[in-house]
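*Asks:* Mind looking over this structure? Questions follow.
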Amino acid sequence: MRRPSMKKTKASTTSAAASPSKCSTGAKRVKAPAAPKETMYFEEKRSLEDLWQAAFPVGTEWDNMDRLREFNWNFTNLESAFEEGGELHGKKVYMFGSTEPQLLEVNGKLKVTLIPIVVVVVSPIPPSDKISITSVQRAAEEIIPMKAMKMAWIPYIPLEDRDKEVVRLKTQIYTMGCTQRRSALKHLKNERVKQYDYCLPYFQPLNPETRAAFENMRFYKFYPVQTPDTPDISKWKVAYINRYYGKAHVVV
């Protein structure tokens with residue numbers, strides 16, 4: 001006799017889990033007061049602060065250019081001369097730089113130091129558009145156009161005017177600039193590089209046109225101002241500029 005078959009059924013059980021109720025305390029989060037911001041002050045740049053650096057140090061060896069940054073040289077005397085009330089204010093001038101090596105006392109020791117100087121020529125016309133290349137090794141001097149050495153008289157724009165349209169500016173200050181890039185020197189022949197070491201600012205030969213201007217030309221030679229950060233150069237100031245310009249009328 002066959003037993004009756006029994007079907008298995010899966011019983012589903014539902015368990016009801018009570019979900020916890022959310023509690024609200026009603027308290028508000030209080031933000032901590034923001035810390036007061038510290039006021040930062042930056043020293044305002046002077047309008048003519050980089051004027052002395054705009055004048056290319058003619059005749060300085062390329063390898064020595066970085067030595068001009070060994071000290072924080074100060075030329076506020078040059079800046080003051082062009083400000084209102086200064087001796088050069090409103091005058092048309094042409095400027096070039098140079099360096100004079102001297103044995104100076106630095107931190108209690110004697111050290112050969114390159115002293116930067118700036119020569120200012122008060123003149124209605126450029127002193128010259130040529131440059132001289134001369135040295136002890138050369139048998140004779142060579143007078144060539146400034147542009148052959150990538151040099152030119154460049155109008156100087158004060159810092160406060162550099163955001164203005166250049167065409168509207170009427171500058172009275174021109175500096176001898178050089179567009180030769182140091183990074184490109186490695187592509188030049190050694191003889192060409194050495195030419196820069198022997199450059200001297202040349203003075204225009206006198207003719208009827210320049211003679212009248214020469215009679216009113218004045219040469220100013222500026223040395224750095226003495227500061228606690230720079231060596232004492234007071235006893236090394238001289239009026240001599242070079243073989244073409246002779247001596248300065250005023251040494252500052």
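Chain lettering (A, B, ...) mirrors the order of the structure tokens, residue numbering begins at 1 for each chain separately, and ligand numbering begins at 1 in order of display.
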Give me the residues near stretch 120-128 of chain A as a list in words, where near means some atom within 7 Å (using only C-alpha atoms) and where sequence neighbours in that chain fewer than 5 positions away do not count.
*Replies:*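 The neighbour list is Lys91, Lys92, Val93, Tyr94, Met95, Phe96, Tyr202, Phe203, Gln204, Ala213, Met217, Arg218, Phe219, Tyr220 and Lys221 of chain A.
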*Asks:* Restricting the output to C-alpha atoms, write the selected residues as a PDB file, in the first residue's frame.
*Replies:*
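Contents of result-v3.pdb, as written:
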```pdb
ATOM      1  CA  LYS A  91      67.482 116.684 -17.672  1.00  0.00           C
ATOM      2  CA  LYS A  92      68.163 114.494 -20.680  1.00  0.00           C
ATOM      3  CA  VAL A  93      70.877 112.005 -19.811  1.00  0.00           C
ATOM      4  CA  TYR A  94      72.709 108.968 -21.169  1.00  0.00           C
ATOM      5  CA  MET A  95      74.017 106.392 -18.697  1.00  0.00           C
ATOM      6  CA  PHE A  96      76.384 103.448 -18.756  1.00  0.00           C
ATOM      7  CA  TYR A 202      83.501 105.679 -26.776  1.00  0.00           C
ATOM      8  CA  PHE A 203      83.151 109.428 -27.021  1.00  0.00           C
ATOM      9  CA  GLN A 204      81.927 110.931 -30.282  1.00  0.00           C
ATOM     10  CA  ALA A 213      76.521 119.997 -27.393  1.00  0.00           C
ATOM     11  CA  MET A 217      77.908 118.209 -21.454  1.00  0.00           C
ATOM     12  CA  ARG A 218      78.560 117.234 -17.860  1.00  0.00           C
ATOM     13  CA  PHE A 219      79.768 113.886 -16.562  1.00  0.00           C
ATOM     14  CA  TYR A 220      78.577 112.497 -13.223  1.00  0.00           C
ATOM     15  CA  LYS A 221      80.127 109.414 -11.666  1.00  0.00           C
TER      16      LYS A 221
END
```
*Asks:* Need to verify the contact set: A:Leu104, 12 Å, only C-alpha atoms, exclusion of same-chain residues closer than 5 positions in sequence. Can you return it as a PyMOL selection string?
*Replies:* chain A and resi 109-115+230-236
*Asks:* With C-alpha atoms retained, write the just-selected residues as a compact mmCIF listing (two decimals), in the first residue's frame.
*Replies:*
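Contents of again.txt, freshly written:
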```txt
# COMPACT_ATOMS: atom_id res chain seq x y z
CA LYS A 109 89.58 89.77 5.46
CA LEU A 110 90.96 91.40 2.34
CA LYS A 111 89.09 90.42 -0.81
CA VAL A 112 89.20 91.59 -4.43
CA THR A 113 85.77 93.12 -4.94
CA LEU A 114 84.12 94.52 -8.06
CA ILE A 115 82.68 97.94 -7.22
CA THR A 230 78.46 96.71 2.02
CA PRO A 231 82.23 97.21 2.40
CA ASP A 232 83.71 100.67 2.88
CA ILE A 233 84.68 102.16 -0.51
CA SER A 234 85.03 105.80 0.54
CA LYS A 235 88.78 106.01 -0.08
CA TRP A 236 88.54 104.40 -3.51
```
*Asks:* I'd like the neighbourhood of A:Ser98 as a list in words, where a residue qualifies if any of its atoms comes within 7 Å (using only C-alpha atoms), though same-chain residues fewer than 3 positions away should be ignored.
*Replies:* Pro57, Val58, Gly59, Thr60, Pro116, Ile117 and Val118 of chain A
*Asks:* Could you tell me, as a PyMOL selection string, which residues of stretch 52-232 of chain A DSSP assigns to strand (DSSP E) when given the backbone?
*Replies:* chain A and resi 93-106+109-122+130-133+142-145+151-155+173-178+199-201+218-222
*Asks:* What is the atom CA of A:Glu191-atom CA of A:Arg67 distance in Å, reported with one decimal?
*Replies:*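 The value is 22.6 Å.
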*Asks:* With only C-alpha atoms as the atoms that count, which of A:Pro224, A:Gly246, A:Pro208, A:Gly177 lies nearest to A:Thr76?
*Replies:* A:Pro224
*Asks:* At a cut-off of 12 Å, using only C-alpha atoms, what residues contact A:Ser80? Leave out same-chain residues fewer than 3 positions from it and give the result as a PyMOL selection string.
*Replies:* chain A and resi 46-49+51+74-77+83-89+222+225+252
*Asks:* What is the distance between atom CA of A:Tyr198 and atom CA of A:Lys186, in Å to one decimal?
*Replies:*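 Atom-to-atom, atom CA of A:Tyr198 and atom CA of A:Lys186 are spaced 18.2 Å apart.
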*Asks:* Which residue is closest to A:Ile131? Choose from A:Val238, A:Leu206, A:Met146, A:Ala184 and count only C-alpha atoms.
*Replies:* A:Met146
*Asks:* Just to confirm, what's the straight-line distance from atom CA of A:Tyr245 to atom CA of A:Pro145 in Å (one decimal)?
*Replies:*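 Between atom CA of A:Tyr245 and atom CA of A:Pro145 the gap is 17.5 Å.
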*Asks:* Write out as a list in words the set of residues from stretch 80-242 of chain A that DSSP, computed on the backbone, places in alpha helix (DSSP H).
*Replies:* Ser80, Ala81, Phe82, Asn190, Glu191, Arg192, Val193, Lys194, Gln195, Tyr196, Asp197, Pro208, Glu209, Thr210, Arg211, Ala212, Ala213, Phe214, Glu215 and Asn216 of chain A
*Asks:* Using C-alpha atoms, can you write the selected residues to a file as an mmCIF file, in the first residue's frame?
*Replies:*
```cif
data_model
loop_
_atom_site.group_PDB
_atom_site.id
_atom_site.type_symbol
_atom_site.label_atom_id
_atom_site.label_comp_id
_atom_site.auth_asym_id
_atom_site.auth_seq_id
_atom_site.Cartn_x
_atom_site.Cartn_y
_atom_site.Cartn_z
ATOM 1 C CA SER A 80 67.635 111.089 -5.506
ATOM 2 C CA ALA A 81 69.480 113.003 -8.224
ATOM 3 C CA PHE A 82 66.573 112.378 -10.635
ATOM 4 C CA ASN A 190 86.242 82.701 -27.727
ATOM 5 C CA GLU A 191 87.626 85.741 -29.554
ATOM 6 C CA ARG A 192 84.110 87.124 -29.935
ATOM 7 C CA VAL A 193 83.316 86.610 -26.243
ATOM 8 C CA LYS A 194 86.561 88.322 -25.234
ATOM 9 C CA GLN A 195 85.565 91.408 -27.217
ATOM 10 C CA TYR A 196 82.982 92.195 -24.523
ATOM 11 C CA ASP A 197 85.713 92.121 -21.870
ATOM 12 C CA PRO A 208 80.362 121.429 -35.760
ATOM 13 C CA GLU A 209 77.165 119.670 -34.670
ATOM 14 C CA THR A 210 78.541 117.919 -31.603
ATOM 15 C CA ARG A 211 80.911 120.685 -30.506
ATOM 16 C CA ALA A 212 78.061 122.897 -29.323
ATOM 17 C CA ALA A 213 76.521 119.997 -27.393
ATOM 18 C CA PHE A 214 79.898 119.074 -25.894
ATOM 19 C CA GLU A 215 80.316 122.520 -24.389
ATOM 20 C CA ASN A 216 77.259 121.885 -22.210
#
```
